[in-house]
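Text of protein.pdb (PDB, C-alpha atoms and all ligand atoms) as supplied:
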```pdb
ATOM      1  CA  MET A1390     -65.892  52.675   1.454
ATOM      2  CA  ARG A1391     -68.839  50.710   2.677
ATOM      3  CA  VAL A1392     -70.755  51.390  -0.501
ATOM      4  CA  PHE A1393     -67.726  50.344  -2.498
ATOM      5  CA  LYS A1394     -67.519  47.002  -0.680
ATOM      6  CA  LEU A1395     -71.193  46.485  -1.176
ATOM      7  CA  LEU A1396     -70.802  47.112  -4.892
ATOM      8  CA  ILE A1397     -67.999  44.580  -5.103
ATOM      9  CA  ALA A1398     -70.042  42.014  -3.200
ATOM     10  CA  THR A1399     -73.031  42.593  -5.468
ATOM     11  CA  GLY A1400     -70.816  42.239  -8.516
ATOM     12  CA  LEU A1401     -69.392  38.952  -7.280
ATOM     13  CA  ILE A1402     -72.839  37.568  -6.574
ATOM     14  CA  ALA A1403     -74.020  38.586 -10.030
ATOM     15  CA  ALA A1404     -70.970  36.965 -11.674
ATOM     16  CA  GLY A1405     -71.576  33.811  -9.644
ATOM     17  CA  ALA A1406     -75.213  33.696 -10.673
ATOM     18  CA  THR A1407     -74.292  34.048 -14.350
ATOM     19  CA  ALA A1408     -71.802  31.180 -14.065
ATOM     20  CA  VAL A1409     -74.393  28.928 -12.434
ATOM     21  CA  LEU A1410     -76.938  29.859 -15.066
ATOM     22  CA  ALA A1411     -74.527  29.002 -17.891
ATOM     23  CA  GLN A1412     -73.841  25.622 -16.298
ATOM     24  CA  ASP A1413     -77.556  24.922 -15.867
ATOM     25  CA  LEU A1414     -78.207  25.795 -19.491
ATOM     26  CA  ALA A1415     -75.429  23.502 -20.716
ATOM     27  CA  ALA A1416     -76.693  20.610 -18.574
ATOM     28  CA  ASP A1417     -80.276  21.241 -19.700
ATOM     29  CA  ARG A1418     -79.258  21.292 -23.376
ATOM     30  CA  GLU A1419     -77.559  17.927 -23.017
ATOM     31  CA  ALA A1420     -80.416  16.394 -21.014
ATOM     32  CA  THR A1421     -83.008  17.703 -23.485
ATOM     33  CA  MET A1422     -81.188  16.300 -26.515
ATOM     34  CA  LYS A1423     -80.765  12.974 -24.682
ATOM     35  CA  LYS A1424     -84.568  12.862 -24.433
ATOM     36  CA  VAL A1425     -84.825  13.579 -28.159
ATOM     37  CA  GLY A1426     -82.265  10.832 -28.813
ATOM     38  CA  GLY A1427     -84.161   8.320 -26.682
ATOM     39  CA  ALA A1428     -87.500   9.035 -28.341
ATOM     40  CA  PHE A1429     -85.944   8.988 -31.790
ATOM     41  CA  GLY A1430     -84.327   5.622 -31.028
ATOM     42  CA  ALA A1431     -87.767   4.112 -30.427
ATOM     43  CA  VAL A1432     -89.276   5.313 -33.722
ATOM     44  CA  ASN A1433     -86.090   4.497 -35.608
ATOM     45  CA  LYS A1434     -86.366   0.856 -34.519
ATOM     46  CA  MET A1435     -90.009   0.773 -35.571
ATOM     47  CA  ASN A1436     -89.131   2.264 -38.923
ATOM     48  CA  ARG A1437     -86.511  -0.430 -39.485
ATOM     49  CA  GLY A1438     -88.865  -3.205 -38.452
ATOM     50  CA  GLN A1439     -86.692  -3.993 -35.434
ATOM     51  CA  SER A1440     -89.750  -3.474 -33.254
ATOM     52  CA  PRO A1441     -93.419  -3.811 -34.276
ATOM     53  CA  TYR A1442     -95.349  -0.749 -35.423
ATOM     54  CA  ASP A1443     -97.257   0.762 -32.501
ATOM     55  CA  GLY A1444     -99.146   3.919 -33.410
ATOM     56  CA  ALA A1445     -99.681   5.113 -29.835
ATOM     57  CA  ALA A1446     -96.039   4.596 -28.876
ATOM     58  CA  ALA A1447     -94.850   6.317 -32.066
ATOM     59  CA  ALA A1448     -97.154   9.273 -31.443
ATOM     60  CA  GLU A1449     -95.834   9.536 -27.896
ATOM     61  CA  ALA A1450     -92.217   9.488 -29.102
ATOM     62  CA  PHE A1451     -92.832  12.208 -31.700
ATOM     63  CA  THR A1452     -94.634  14.289 -29.076
ATOM     64  CA  THR A1453     -91.618  13.950 -26.775
ATOM     65  CA  ILE A1454     -89.382  15.149 -29.604
ATOM     66  CA  SER A1455     -91.683  18.107 -30.221
ATOM     67  CA  THR A1456     -91.958  19.249 -26.609
ATOM     68  CA  SER A1457     -88.221  18.745 -26.124
ATOM     69  CA  ALA A1458     -87.491  20.850 -29.203
ATOM     70  CA  LYS A1459     -89.710  23.625 -27.863
ATOM     71  CA  HIS A1460     -87.784  23.554 -24.603
ATOM     72  CA  PHE A1461     -84.427  23.327 -26.411
ATOM     73  CA  ALA A1462     -85.308  26.580 -28.190
ATOM     74  CA  THR A1463     -85.267  28.430 -24.845
ATOM     75  CA  LEU A1464     -81.762  27.294 -23.869
ATOM     76  CA  PHE A1465     -79.761  29.614 -26.120
ATOM     77  CA  PRO A1466     -80.229  33.177 -24.834
ATOM     78  CA  ALA A1467     -78.350  35.918 -26.655
ATOM     79  CA  ASP A1468     -75.887  36.189 -23.776
ATOM     80  CA  GLY A1469     -75.650  32.397 -23.452
ATOM     81  CA  LYS A1470     -72.355  30.659 -24.024
ATOM     82  CA  ALA A1471     -71.155  27.858 -26.228
ATOM     83  CA  ALA A1472     -70.465  24.926 -23.910
ATOM     84  CA  GLY A1473     -70.540  21.160 -24.019
ATOM     85  CA  ARG A1474     -71.301  20.205 -27.601
ATOM     86  CA  SER A1475     -73.178  23.409 -28.456
ATOM     87  CA  LEU A1476     -70.906  25.291 -30.847
ATOM     88  CA  PRO A1477     -70.378  29.078 -31.185
ATOM     89  CA  SER A1478     -71.904  28.789 -34.690
ATOM     90  CA  ILE A1479     -75.312  28.613 -32.965
ATOM     91  CA  TRP A1480     -75.005  32.248 -31.895
ATOM     92  CA  GLU A1481     -73.332  33.278 -35.143
ATOM     93  CA  LYS A1482     -76.262  31.961 -37.202
ATOM     94  CA  LYS A1483     -78.971  32.278 -34.599
ATOM     95  CA  ALA A1484     -81.869  32.851 -37.011
ATOM     96  CA  ASP A1485     -81.012  29.708 -38.983
ATOM     97  CA  PHE A1486     -80.567  27.682 -35.803
ATOM     98  CA  ASP A1487     -83.866  28.921 -34.351
ATOM     99  CA  ALA A1488     -85.692  28.106 -37.591
ATOM    100  CA  ARG A1489     -84.332  24.555 -37.503
ATOM    101  CA  VAL A1490     -85.374  24.013 -33.895
ATOM    102  CA  GLU A1491     -88.830  25.407 -34.686
ATOM    103  CA  LYS A1492     -89.080  23.098 -37.716
ATOM    104  CA  LEU A1493     -88.224  20.079 -35.566
ATOM    105  CA  ALA A1494     -90.885  21.107 -33.036
ATOM    106  CA  SER A1495     -93.653  21.632 -35.585
ATOM    107  CA  SER A1496     -92.863  18.696 -37.883
ATOM    108  CA  SER A1497     -92.617  16.225 -35.027
ATOM    109  CA  ALA A1498     -95.956  17.472 -33.650
ATOM    110  CA  ALA A1499     -97.447  16.816 -37.101
ATOM    111  CA  ALA A1500     -95.669  13.436 -37.202
ATOM    112  CA  ALA A1501     -97.330  12.458 -33.914
ATOM    113  CA  THR A1502    -100.765  12.908 -35.502
ATOM    114  CA  GLU A1503     -99.769  11.057 -38.681
ATOM    115  CA  ALA A1504     -98.005   8.182 -36.902
ATOM    116  CA  ALA A1505    -101.155   7.205 -35.026
ATOM    117  CA  LYS A1506    -103.082   6.708 -38.303
ATOM    118  CA  GLY A1507    -101.256   3.680 -39.644
ATOM    119  CA  GLU A1508     -97.874   2.204 -40.512
ATOM    120  CA  ALA A1509     -97.606   3.832 -43.949
ATOM    121  CA  GLU A1510     -98.378   7.255 -42.481
ATOM    122  CA  PHE A1511     -95.877   6.593 -39.713
ATOM    123  CA  LYS A1512     -93.112   5.800 -42.206
ATOM    124  CA  ALA A1513     -93.864   8.866 -44.306
ATOM    125  CA  ALA A1514     -93.779  11.053 -41.180
ATOM    126  CA  PHE A1515     -90.594   9.438 -39.917
ATOM    127  CA  ALA A1516     -88.879  10.302 -43.204
ATOM    128  CA  THR A1517     -89.514  14.002 -42.570
ATOM    129  CA  ILE A1518     -87.795  13.927 -39.151
ATOM    130  CA  GLY A1519     -84.677  11.779 -39.536
ATOM    131  CA  PRO A1520     -82.734  14.051 -41.910
ATOM    132  CA  GLN A1521     -83.171  17.073 -39.617
ATOM    133  CA  CYS A1522     -81.046  15.539 -36.858
ATOM    134  CA  GLY A1523     -77.837  14.995 -38.786
ATOM    135  CA  SER A1524     -78.163  18.148 -40.818
ATOM    136  CA  CYS A1525     -78.323  20.353 -37.711
ATOM    137  CA  HIS A1526     -75.611  18.416 -35.875
ATOM    138  CA  GLU A1527     -73.260  18.861 -38.820
ATOM    139  CA  THR A1528     -73.220  22.624 -38.358
ATOM    140  CA  TYR A1529     -74.049  23.191 -34.722
ATOM    141  CA  ARG A1530     -72.878  20.210 -32.669
ATOM    142  CA  GLY A1531     -69.285  19.587 -31.709
ATOM    143  CA  GLU A1532     -67.394  16.430 -30.847
ATOM    144  CA  LYS A1533     -68.009  14.677 -27.543
ATOM    145  CA  PRO A1534     -65.872  16.421 -24.943
TER     146      PRO A1534
HETATM  147  C1  LIG B1601     -81.656  22.573 -34.547
HETATM  148  C2  LIG B1601     -80.508  21.756 -34.339
HETATM  149  C3  LIG B1601     -80.682  20.335 -33.887
HETATM  150  C4  LIG B1601     -81.608  19.411 -34.330
HETATM  151  C5  LIG B1601     -82.665  19.565 -35.399
HETATM  152  C6  LIG B1601     -81.325  18.208 -33.593
HETATM  153  N1  LIG B1601     -80.281  18.391 -32.730
HETATM  154 FE1  LIG B1601     -79.477  16.995 -31.473
HETATM  155  N2  LIG B1601     -78.143  18.368 -30.816
HETATM  156  C7  LIG B1601     -78.062  19.680 -31.208
HETATM  157  C8  LIG B1601     -77.053  20.362 -30.431
HETATM  158  C9  LIG B1601     -76.678  21.832 -30.537
HETATM  159  C10 LIG B1601     -76.517  19.411 -29.544
HETATM  160  C11 LIG B1601     -75.465  19.625 -28.476
HETATM  161  C12 LIG B1601     -76.186  19.949 -27.171
HETATM  162  C13 LIG B1601     -75.225  20.144 -26.018
HETATM  163  O1  LIG B1601     -74.898  19.144 -25.363
HETATM  164  O2  LIG B1601     -74.836  21.296 -25.771
HETATM  165  C14 LIG B1601     -77.210  18.161 -29.829
HETATM  166  C15 LIG B1601     -76.966  16.969 -29.161
HETATM  167  C16 LIG B1601     -77.600  15.777 -29.396
HETATM  168  C17 LIG B1601     -77.316  14.515 -28.734
HETATM  169  C18 LIG B1601     -76.198  14.290 -27.724
HETATM  170  C19 LIG B1601     -76.680  14.507 -26.310
HETATM  171  C20 LIG B1601     -75.571  14.148 -25.358
HETATM  172  O3  LIG B1601     -75.589  13.040 -24.834
HETATM  173  O4  LIG B1601     -74.676  14.985 -25.180
HETATM  174  C21 LIG B1601     -78.180  13.580 -29.222
HETATM  175  C22 LIG B1601     -78.288  12.103 -28.824
HETATM  176  C23 LIG B1601     -79.017  14.248 -30.199
HETATM  177  N3  LIG B1601     -78.641  15.581 -30.291
HETATM  178  C24 LIG B1601     -80.025  13.644 -30.913
HETATM  179  C25 LIG B1601     -80.821  14.281 -31.868
HETATM  180  C26 LIG B1601     -81.828  13.608 -32.665
HETATM  181  C27 LIG B1601     -82.141  12.126 -32.624
HETATM  182  C28 LIG B1601     -82.391  14.568 -33.457
HETATM  183  C29 LIG B1601     -83.491  14.425 -34.481
HETATM  184  C30 LIG B1601     -84.744  13.882 -34.042
HETATM  185  C31 LIG B1601     -81.731  15.838 -33.145
HETATM  186  N4  LIG B1601     -80.787  15.614 -32.180
HETATM  187  C32 LIG B1601     -82.045  17.033 -33.766
HETATM  188  C33 LIG B1601     -78.802  20.280 -32.198
HETATM  189  C34 LIG B1601     -79.852  19.686 -32.884
END
```
Rewrite the structure of this file - the entire thing - as structure tokens.
Ligand code: HEC
Amino acid sequence: MRVFKLLIATGLIAAGATAVLAQDLAADREATMKKVGGAFGAVNKMNRGQSPYDGAAAAEAFTTISTSAKHFATLFPADGKAAGRSLPSIWEKKADFDARVEKLASSSAAAATEAAKGEAEFKAAFATIGPQCGSCHETYRGEKP
């Protein structure tokens, strides 16, 4: 009987831990993409001429996007759950999703190097990043809850 109770208690703790973990992952996904959105906003303005070209600031923004993408990649474990705006399609097409996240990480790291060289290089690099956002969101991001 005692062992039985212990097993139940252990099971409940494990279930509780999984629930907390899922919530942490969902919050981390949202916070990480907010960082990407903030950094992208800065380079988007520069690209439109709404703020002056600043190579160091652009490089920093692209680096933030890259490191955030690398972190984002770790937030979708196989037993993770769709939550917030992360759709079930992520787990259904995991290889495609992972490849897109990896592409964002590597291309924005390359963009950071290019952006520091000059305005023309910055614009060319920016053009490689922008389309990735919407194209991934179309398939893998849901409406605002
Ligand atoms: C590989 C797929 C993918 C790429 C590429 C991607 N995103 Fe996302 N993005 C997502 C997913 C999935 C979510 C939903 C995350 C969640 O809240 O669960 C999201 C959410 C967001 C959000 C909403 C965060 C919030 O407040 O809830 C913003 C802003 C955002 N992305 C900006 C960007 C920008 C800007 C880029 C391009 C530089 C980008 N994303 C590239 C998949 C992607």
key: Separation of CA of Gly1427 in chain A from CA of Ala1447 in chain A in Å   =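 Taking CA of Ala1447 in chain A and CA of Gly1427 in chain A, their separation equals 12.1 Å.
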request  = Select all residues near (-87.2, 18.5, -36.2) (cut-off 8 Å, inclusive, file coordinates), counting only C-alpha atoms, and output them as a list of chain:residue names.
outcome  =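 Collected hits near the coordinates: A:Ile1454, A:Ser1455, A:Ala1458, A:Arg1489, A:Val1490, A:Glu1491, A:Lys1492, A:Leu1493, A:Ala1494, A:Ser1495, A:Ser1496, A:Ser1497, A:Ile1518, A:Gly1519, A:Gln1521, A:Cys1522.
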Restricting the output to C-alpha atoms, write the selected residues as a PDB file, in the frame of the given file.
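Okay, this is what ended up in part-v8.pdb:
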```pdb
ATOM      1  CA  ILE A1454     -89.382  15.149 -29.604  1.00  0.00           C
ATOM      2  CA  SER A1455     -91.683  18.107 -30.221  1.00  0.00           C
ATOM      3  CA  ALA A1458     -87.491  20.850 -29.203  1.00  0.00           C
ATOM      4  CA  ARG A1489     -84.332  24.555 -37.503  1.00  0.00           C
ATOM      5  CA  VAL A1490     -85.374  24.013 -33.895  1.00  0.00           C
ATOM      6  CA  GLU A1491     -88.830  25.407 -34.686  1.00  0.00           C
ATOM      7  CA  LYS A1492     -89.080  23.098 -37.716  1.00  0.00           C
ATOM      8  CA  LEU A1493     -88.224  20.079 -35.566  1.00  0.00           C
ATOM      9  CA  ALA A1494     -90.885  21.107 -33.036  1.00  0.00           C
ATOM     10  CA  SER A1495     -93.653  21.632 -35.585  1.00  0.00           C
ATOM     11  CA  SER A1496     -92.863  18.696 -37.883  1.00  0.00           C
ATOM     12  CA  SER A1497     -92.617  16.225 -35.027  1.00  0.00           C
ATOM     13  CA  ILE A1518     -87.795  13.927 -39.151  1.00  0.00           C
ATOM     14  CA  GLY A1519     -84.677  11.779 -39.536  1.00  0.00           C
ATOM     15  CA  GLN A1521     -83.171  17.073 -39.617  1.00  0.00           C
ATOM     16  CA  CYS A1522     -81.046  15.539 -36.858  1.00  0.00           C
TER      17      CYS A1522
END
```
task = For the file shown, report as a ChimeraX atom specification the outcome of the PyMOL selection byres (((not hetatm)) within 6 of (chain B and resi 1601)) at residue level.
result = /A:1415,1418-1419,1422-1423,1425-1426,1429,1472-1475,1486,1489-1490,1493,1518-1519,1521-1522,1525-1526,1529-1530
ask   = So what does the PyMOL selection byres (((chain A and resi 1436) around 10) and not hetatm) actually pick up in this one, as a VMD selection string?
value = chain A and resid 1430 to 1435 1437 to 1442 1447 1508 to 1509 1511 to 1513 1515 to 1516
task = Could you tell me how far CA of Glu1449 in chain A lies from CA of Asp1485 in chain A, in Å and to one decimal?
result =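 A separation of 27.4 Å between them.
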task = Write out as a list of chain:residue names which residues come within 9 Å of Thr1528 in chain A when counting only C-alpha atoms, dropping same-chain ones fewer than 3 positions away.
result = A:Leu1476, A:Ser1478, A:Ile1479, A:Gly1523, A:Ser1524, A:Cys1525, A:Gly1531
request  = Can you work out the spacing between CA of Ala1450 in chain A and CA of Lys1483 in chain A in Å, to one decimal?
outcome  =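 CA of Lys1483 in chain A lies 26.9 Å from CA of Ala1450 in chain A.
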Among listed residues A:Ala1498, A:Glu1503, A:Phe1465, A:Asp1413, nearest Pro1477 in chain A (using all atoms listed in the file) =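 Of all the options, A:Phe1465 lies closest to Pro1477 in chain A.
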task = Would you list the contacts of Leu1464 in chain A as a list in words, taking every protein, DNA or RNA residue within 8 Å and counting only C-alpha atoms, but skipping same-chain residues closer than 5 positions in sequence?
result =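 After dropping sequence-adjacent residues, the list is Leu1414, Asp1417, Arg1418 and Gly1469 of chain A.
Distances here use all atoms listed in the file; by that measure, the residue among A:Glu1510, A:Thr1452, A:Pro1466, A:Ala1505 closest to Ala1428 in chain A is A:Thr1452.
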key: All residues 7 Å or closer to Ala1448 in chain A, all atoms listed in the file, same chain fewer than 5 positions away omitted, as a PyMOL selection string   = chain A and resi 1501-1502+1504-1505
Quick one: what's the axis-aligned box for range 1454-1467 of chain A, all listed atoms, 4 Å on every side, centre and edges in Å to one decimal, as AutoDock Vina command-line options?
```
--center_x -85.2 --center_y 25.5 --center_z -27.0 --size_x 21.6 --size_y 28.8 --size_z 14.4
```
